[in-house]
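Visitor: My questions will all concern the structure given below.
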Amino acid sequence: MDDLSKFFQEKGHQVSVFTPDETLTELSFLDTSAKVEVLRCRIPRIGESPMIKRLLIELAYPYYFYRACKNSSVDVEKFDGIIWYSPSIFFGLFIYYLKYKSKCRAYLILRDVFPKWALDLKIITKWTYWTVNIFALLQYKIADRIGVNSPSSKVLLEKYSFLSDKCEVLWTWLRAGFPSRVSSLVQEDGLITFIYTGNMGVAQDVFLFGNLAKNLKAESKVRFLFYGRGSEKQKFENFVRDNNLLNVQVNDEISPEELSRLFGYCSIGIVALDIRHTTSNIPGKFLSYMEAGLPVLAKVNPGNDLIDLIEKYDVGTVVTTDSFHDLESAALELCRKIKADEFISERCLKLAREVFCVEKATQQIIETFSK
């Protein structure tokens, strides 16, 4: 969203960003030091809180944001268009308030069909699903246009009759600007580095990749880096320590700028999605890998639109099962491939430029507001 807001601003639009902030001591803080105005709205600390606490805090998002607006000098009647991002699914009432005050259209960027995926993974019960799904349907109703992250997500949402003419595919994006690669995918000494970035939760199943590293422990020229946070991170660190995996490093999340520099020394990016998903998801890490020229080792659910993209542009290997044998075979195949294919990084960059382009996303959203 930082990339998108900055690009809107560069195109001559005035941009205001509302964002939750767990660190504030006051009700709100309006940052006008940059060209993009940012209103930080105080919320209770979530951190690695239990799911029920997180749910209650997110349910109260409209109240926290309304309170922050009232405590600031932001003019909520000035907007010509509203763009909001989901997840979370609980901003609907606040968006309705802004629409009512500004008499303008609203565009929902839907990047996660929640709570559907949580039901697929049996993280929530059917009763919880039907209860929470009311808030998802509310935000769909409030939106004038909905940009989903893949063709199959569009098909899924259009099963609701009132969404038949609201949805469009808005590919996720990444602003160009990563440094050029500082080395080849394979180091001079033959070292190949796999890297995983992002959330380490139940849905990612990082332990499968931990077992891959364990099985390749004897391969002195293969190492694994994990950067991020999540509910499974501590358990994963314990797994690495207990199995004495010297070929694995587990680290806290770092800034996008630091990651971009680190990618220049890596070989293969890891994408991990639970195969029980019935919806498509294009993780942000996939875009980052492509922009850095990194091919991917991807474990995703069958039917995920990511499969077609990876195969069409030939930018990695995909596994659609939880079979460790399949994952190991795919990993070794990709190691051989990057040693022989000198153009694979160029294809990654081509995919990033042709599909995941912030300019295209911006223009597509602007067209909604001009109708």
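Chain labels follow the order of the structure tokens: the first chain is A, the next B, and so on; residue numbering restarts at 1 in every chain, and ligands are counted from 1 in their shown order.
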Report as a PDB file with C-alpha atoms, in the first residue's frame all protein, DNA and RNA residues lying within 10 Å of A:Asn281, evaluated on only C-alpha atoms, omitting residues in the same chain fewer than 6 positions from it.

Guide:
```
ATOM      1  CA  ARG A 111      -6.112  -9.986  -1.189  1.00  0.00           C
ATOM      2  CA  ASP A 112      -7.390 -12.789   1.028  1.00  0.00           C
ATOM      3  CA  VAL A 113     -10.779 -14.509   0.811  1.00  0.00           C
ATOM      4  CA  TRP A 117      -9.500 -20.179   3.755  1.00  0.00           C
ATOM      5  CA  VAL A 148      -9.374  -9.633  -6.436  1.00  0.00           C
ATOM      6  CA  ASN A 149      -5.909 -11.108  -6.749  1.00  0.00           C
ATOM      7  CA  SER A 150      -6.567 -13.870  -9.279  1.00  0.00           C
ATOM      8  CA  SER A 152     -10.194 -18.061  -9.670  1.00  0.00           C
ATOM      9  CA  SER A 153     -10.921 -15.706  -6.756  1.00  0.00           C
ATOM     10  CA  LEU A 273       0.754 -22.421   1.074  1.00  0.00           C
ATOM     11  CA  VAL A 300       0.660 -24.514  -3.217  1.00  0.00           C
ATOM     12  CA  ASN A 301      -2.873 -25.876  -3.359  1.00  0.00           C
ATOM     13  CA  ASN A 304      -3.941 -22.070  -7.532  1.00  0.00           C
ATOM     14  CA  ASP A 305      -3.439 -19.457 -10.266  1.00  0.00           C
ATOM     15  CA  LEU A 306       0.184 -19.208  -9.178  1.00  0.00           C
TER      16      LEU A 306
END
```

Visitor: List the spatial neighbours of A:Ile344 as a list in words - criterion: any atom at most 10 Å away, only C-alpha atoms, same-chain residues fewer than 4 positions off excluded.

Guide: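 Final neighbour list, sorted by chain and number: Leu185, Gly293, Leu294, Pro295, Tyr313, Asp314, Val315, Gly316, Lys337, Ile338, Lys339, Ala340, Cys348, Leu349 and Lys350 of chain A.
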
Visitor: When you look at stretch 10-13 of chain A with a cut-off of 10 Å (counting only C-alpha atoms), what residues show up, excluding the ones that are within fewer than 6 positions of it in the same chain? I need them as a list of chain:residue names.

Guide: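 Here the qualifying residues turn out to be A:Leu4, A:Lys35, A:Val36, A:Glu359, A:Thr362.
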
Visitor: Excluding same-chain residues fewer than 2 positions from A:Ser288, what lies within 10 Å of it counting only C-alpha atoms, as an NGL selection string?

Guide: :A and (173-176 or 178 or 197 or 256 or 259-260 or 263 or 269 or 283-286 or 290-294 or 352)

Visitor: Write the residues you've just listed into a file as a PDB file, in the first residue's frame, and include C-alpha atoms for each of them.

Guide:
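This went into out_38.pdb:
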```pdb
ATOM      1  CA  TRP A 173       1.890  -5.245  -7.535  1.00  0.00           C
ATOM      2  CA  LEU A 174       5.361  -4.287  -6.523  1.00  0.00           C
ATOM      3  CA  ARG A 175       7.044  -0.999  -7.246  1.00  0.00           C
ATOM      4  CA  ALA A 176      10.216  -1.406  -9.285  1.00  0.00           C
ATOM      5  CA  PHE A 178      15.227  -3.445  -6.310  1.00  0.00           C
ATOM      6  CA  THR A 197      10.365 -14.596   4.003  1.00  0.00           C
ATOM      7  CA  PRO A 256      12.038  -4.473   2.717  1.00  0.00           C
ATOM      8  CA  LEU A 259      15.558  -7.908   2.256  1.00  0.00           C
ATOM      9  CA  SER A 260      16.132  -6.519  -1.211  1.00  0.00           C
ATOM     10  CA  PHE A 263      18.004 -11.297  -2.136  1.00  0.00           C
ATOM     11  CA  GLY A 269      12.770 -18.155  -3.043  1.00  0.00           C
ATOM     12  CA  PRO A 283       1.707 -14.009  -1.717  1.00  0.00           C
ATOM     13  CA  GLY A 284       3.589 -10.734  -1.608  1.00  0.00           C
ATOM     14  CA  LYS A 285       6.827 -12.662  -1.180  1.00  0.00           C
ATOM     15  CA  PHE A 286       6.363 -14.146  -4.660  1.00  0.00           C
ATOM     16  CA  MET A 290      10.392 -12.118  -9.043  1.00  0.00           C
ATOM     17  CA  GLU A 291      11.540  -8.500  -8.776  1.00  0.00           C
ATOM     18  CA  ALA A 292      14.859  -9.741  -7.372  1.00  0.00           C
ATOM     19  CA  GLY A 293      15.265 -12.278 -10.191  1.00  0.00           C
ATOM     20  CA  LEU A 294      14.838 -15.264  -7.865  1.00  0.00           C
ATOM     21  CA  ALA A 352       7.332  -8.865 -12.479  1.00  0.00           C
TER      22      ALA A 352
END
```

Visitor: Looking at only C-alpha atoms, which of A:Met51, A:Ile82, A:Ala60, A:Leu93 is the one that sits closest to A:Pro20?

Guide: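 Answer, going by the shortest atom-to-atom distance: A:Ala60.
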
Visitor: Could you name the residues that touch A:Val202 at 10 Å or less, counting only C-alpha atoms, but leaving out those on the same chain fewer than 5 positions away, as a list in words?

Guide: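 The residues that qualify are Leu121, Ile123, Phe207, Gly230, Ser231, Glu232, Lys233, Leu273 and Asp274 of chain A.
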
Visitor: Can you list every residue in stretch 114-350 of chain A that DSSP puts in strand (DSSP E), as an mmCIF file with C-alpha atoms, in the first residue's frame?

Guide:
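See part.cif below for the written result:
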```cif
data_model
loop_
_atom_site.group_PDB
_atom_site.id
_atom_site.type_symbol
_atom_site.label_atom_id
_atom_site.label_comp_id
_atom_site.auth_asym_id
_atom_site.auth_seq_id
_atom_site.Cartn_x
_atom_site.Cartn_y
_atom_site.Cartn_z
ATOM 1 C CA ARG A 145 -15.749 -2.161 -7.083
ATOM 2 C CA ILE A 146 -13.732 -5.131 -5.829
ATOM 3 C CA GLY A 147 -10.267 -5.985 -7.116
ATOM 4 C CA VAL A 148 -9.374 -9.633 -6.436
ATOM 5 C CA CYS A 167 -15.504 -7.899 -9.309
ATOM 6 C CA GLU A 168 -12.413 -7.618 -11.475
ATOM 7 C CA VAL A 169 -8.939 -9.120 -11.376
ATOM 8 C CA ILE A 192 22.918 -22.448 -3.413
ATOM 9 C CA THR A 193 20.835 -20.471 -0.913
ATOM 10 C CA PHE A 194 17.090 -20.998 -0.407
ATOM 11 C CA ILE A 195 15.287 -18.132 1.316
ATOM 12 C CA TYR A 196 11.861 -17.932 2.952
ATOM 13 C CA THR A 197 10.365 -14.596 4.003
ATOM 14 C CA GLY A 198 7.098 -13.647 5.677
ATOM 15 C CA ASN A 199 4.662 -15.214 8.086
ATOM 16 C CA VAL A 222 22.976 -25.920 0.107
ATOM 17 C CA ARG A 223 21.726 -23.628 2.892
ATOM 18 C CA PHE A 224 18.337 -22.264 4.007
ATOM 19 C CA LEU A 225 17.472 -18.811 5.377
ATOM 20 C CA PHE A 226 14.137 -18.038 7.088
ATOM 21 C CA TYR A 227 13.131 -14.444 7.866
ATOM 22 C CA GLY A 228 9.825 -13.493 9.458
ATOM 23 C CA ARG A 229 7.538 -13.929 12.414
ATOM 24 C CA VAL A 248 19.500 -23.393 8.493
ATOM 25 C CA GLN A 249 19.297 -19.866 9.895
ATOM 26 C CA VAL A 250 16.049 -18.537 11.409
ATOM 27 C CA ASN A 251 15.892 -14.753 11.802
ATOM 28 C CA ILE A 268 15.837 -19.611 -4.777
ATOM 29 C CA GLY A 269 12.770 -18.155 -3.043
ATOM 30 C CA ILE A 270 10.373 -20.388 -1.097
ATOM 31 C CA VAL A 271 6.584 -20.031 -1.366
ATOM 32 C CA ALA A 272 4.550 -22.158 1.054
ATOM 33 C CA VAL A 296 10.809 -20.124 -6.731
ATOM 34 C CA LEU A 297 10.269 -23.465 -5.095
ATOM 35 C CA ALA A 298 6.520 -23.323 -4.471
ATOM 36 C CA LYS A 299 4.211 -25.633 -2.537
ATOM 37 C CA GLY A 316 10.570 -22.240 -10.849
ATOM 38 C CA THR A 317 9.030 -25.533 -9.814
ATOM 39 C CA VAL A 318 5.676 -26.225 -8.148
ATOM 40 C CA VAL A 319 4.487 -28.966 -5.802
#
```

Visitor: Which of stretch 33-237 of chain A counts as helix (DSSP H, G or I) under DSSP, as a CSV table (one decimal) with C-alpha atoms, in the first residue's frame please?

Guide:
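What follows is the written file states.csv:
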```
chain,number,residue,atom,x,y,z
A,51,MET,CA,-7.0,-15.6,18.1
A,52,ILE,CA,-10.0,-14.5,20.2
A,53,LYS,CA,-8.2,-11.4,21.4
A,54,ARG,CA,-7.2,-10.5,17.9
A,55,LEU,CA,-10.7,-11.0,16.7
A,56,LEU,CA,-12.1,-8.7,19.3
A,57,ILE,CA,-9.6,-6.0,18.5
A,58,GLU,CA,-10.3,-6.2,14.8
A,59,LEU,CA,-14.0,-6.1,15.4
A,61,TYR,CA,-11.4,-1.3,14.2
A,62,PRO,CA,-14.3,1.0,13.0
A,63,TYR,CA,-14.5,2.5,16.5
A,64,TYR,CA,-10.8,3.0,16.8
A,65,PHE,CA,-10.5,4.7,13.4
A,66,TYR,CA,-13.6,6.8,14.0
A,67,ARG,CA,-12.2,7.9,17.3
A,68,ALA,CA,-8.8,8.8,15.7
A,69,CYS,CA,-10.5,10.9,13.0
A,70,LYS,CA,-12.5,12.8,15.6
A,92,GLY,CA,-16.6,-2.0,6.5
A,93,LEU,CA,-18.5,0.2,8.9
A,94,PHE,CA,-15.7,2.8,8.9
A,95,ILE,CA,-15.6,2.8,5.1
A,96,TYR,CA,-19.4,3.3,5.0
A,97,TYR,CA,-18.9,6.3,7.3
A,98,LEU,CA,-16.3,7.8,5.0
A,99,LYS,CA,-18.4,7.2,1.9
A,100,TYR,CA,-21.4,8.9,3.6
A,101,LYS,CA,-19.3,11.9,4.6
A,102,SER,CA,-17.5,12.4,1.3
A,116,LYS,CA,-13.1,-19.1,3.6
A,117,TRP,CA,-9.5,-20.2,3.8
A,118,ALA,CA,-9.6,-20.5,7.6
A,119,LEU,CA,-12.6,-22.9,7.2
A,120,ASP,CA,-10.7,-24.9,4.6
A,126,LYS,CA,-18.6,-23.7,10.5
A,127,TRP,CA,-20.5,-21.7,13.1
A,128,THR,CA,-17.6,-19.2,13.4
A,129,TYR,CA,-17.4,-19.1,9.7
A,130,TRP,CA,-21.0,-18.1,9.1
A,131,THR,CA,-20.8,-15.6,11.9
A,132,VAL,CA,-17.6,-13.9,10.8
A,133,ASN,CA,-18.6,-14.1,7.1
A,134,ILE,CA,-21.3,-11.5,7.8
A,135,PHE,CA,-18.5,-8.9,8.0
A,136,ALA,CA,-17.0,-10.1,4.8
A,137,LEU,CA,-20.3,-9.8,3.0
A,138,LEU,CA,-20.8,-6.3,4.5
A,139,GLN,CA,-17.6,-5.0,3.0
A,140,TYR,CA,-18.5,-6.5,-0.4
A,141,LYS,CA,-21.8,-4.7,-0.2
A,142,ILE,CA,-20.2,-1.4,0.7
A,151,PRO,CA,-9.1,-15.1,-11.9
A,152,SER,CA,-10.2,-18.1,-9.7
A,153,SER,CA,-10.9,-15.7,-6.8
A,154,LYS,CA,-13.1,-13.7,-9.1
A,155,VAL,CA,-15.1,-16.9,-10.0
A,156,LEU,CA,-15.5,-17.7,-6.3
A,157,LEU,CA,-16.9,-14.3,-5.4
A,161,SER,CA,-25.4,-12.8,-7.2
A,162,PHE,CA,-25.0,-9.2,-5.9
A,163,LEU,CA,-21.2,-9.4,-6.9
A,206,VAL,CA,7.5,-24.2,7.3
A,207,PHE,CA,8.3,-27.5,9.0
A,208,LEU,CA,8.0,-29.3,5.7
A,209,PHE,CA,10.8,-27.1,4.4
A,210,GLY,CA,12.7,-27.6,7.7
A,211,ASN,CA,12.6,-31.4,7.0
A,212,LEU,CA,13.8,-30.7,3.5
A,213,ALA,CA,16.8,-28.9,5.0
A,214,LYS,CA,17.3,-31.8,7.4
A,215,ASN,CA,17.4,-34.2,4.6
A,233,LYS,CA,8.3,-19.3,14.6
A,234,GLN,CA,9.4,-20.3,18.1
A,235,LYS,CA,8.5,-23.9,17.5
A,236,PHE,CA,10.4,-23.9,14.2
A,237,GLU,CA,13.5,-22.4,15.9
```

Visitor: Extract, using only C-alpha atoms, all DNA, RNA and protein residues at most 9 Å from A:Val15, discarding same-chain residues fewer than 2 positions from it, and format them as a PyMOL selection string.

Guide: chain A and resi 5-6+8-9+13+17+35-38

Visitor: If you keep N, CA and C atoms, can you produce a file of those selected residues as a JSON list (two decimals), in the first residue's frame?

Guide:
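To be explicit, this is the file written out as selection_15.json:
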```json
[["chain", "number", "residue", "atom", "x", "y", "z"],
["A", 5, "SER", "N", 0.24, 4.19, -2.70],
["A", 5, "SER", "CA", -0.05, 5.56, -2.29],
["A", 5, "SER", "C", 0.98, 6.53, -2.84],
["A", 6, "LYS", "N", 2.24, 6.12, -2.85],
["A", 6, "LYS", "CA", 3.29, 6.99, -3.39],
["A", 6, "LYS", "C", 3.11, 7.20, -4.88],
["A", 8, "PHE", "N", 0.23, 7.05, -6.58],
["A", 8, "PHE", "CA", -0.90, 7.96, -6.75],
["A", 8, "PHE", "C", -0.46, 9.41, -6.55],
["A", 9, "GLN", "N", 0.36, 9.62, -5.53],
["A", 9, "GLN", "CA", 0.84, 10.97, -5.24],
["A", 9, "GLN", "C", 1.70, 11.50, -6.39],
["A", 13, "HIS", "N", -2.17, 13.18, -7.42],
["A", 13, "HIS", "CA", -3.30, 13.05, -6.50],
["A", 13, "HIS", "C", -2.85, 13.34, -5.07],
["A", 17, "VAL", "N", -3.55, 8.43, 4.12],
["A", 17, "VAL", "CA", -3.50, 7.02, 4.50],
["A", 17, "VAL", "C", -3.90, 6.89, 5.97],
["A", 35, "LYS", "N", 4.88, 13.89, 1.61],
["A", 35, "LYS", "CA", 3.82, 14.35, 0.70],
["A", 35, "LYS", "C", 2.54, 13.54, 0.88],
["A", 36, "VAL", "N", 2.68, 12.30, 1.35],
["A", 36, "VAL", "CA", 1.51, 11.46, 1.63],
["A", 36, "VAL", "C", 1.15, 11.65, 3.10],
["A", 37, "GLU", "N", -0.06, 12.13, 3.38],
["A", 37, "GLU", "CA", -0.53, 12.36, 4.75],
["A", 37, "GLU", "C", -0.91, 11.01, 5.38],
["A", 38, "VAL", "N", -0.38, 10.76, 6.59],
["A", 38, "VAL", "CA", -0.63, 9.48, 7.25],
["A", 38, "VAL", "C", -1.25, 9.73, 8.62]]
```

Visitor: Quick one: pull the distance between atom CA of A:Leu110 and atom CA of A:Ser86, Å, one decimal.

Guide: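 Computing it gives 5.0 Å between the two atoms.
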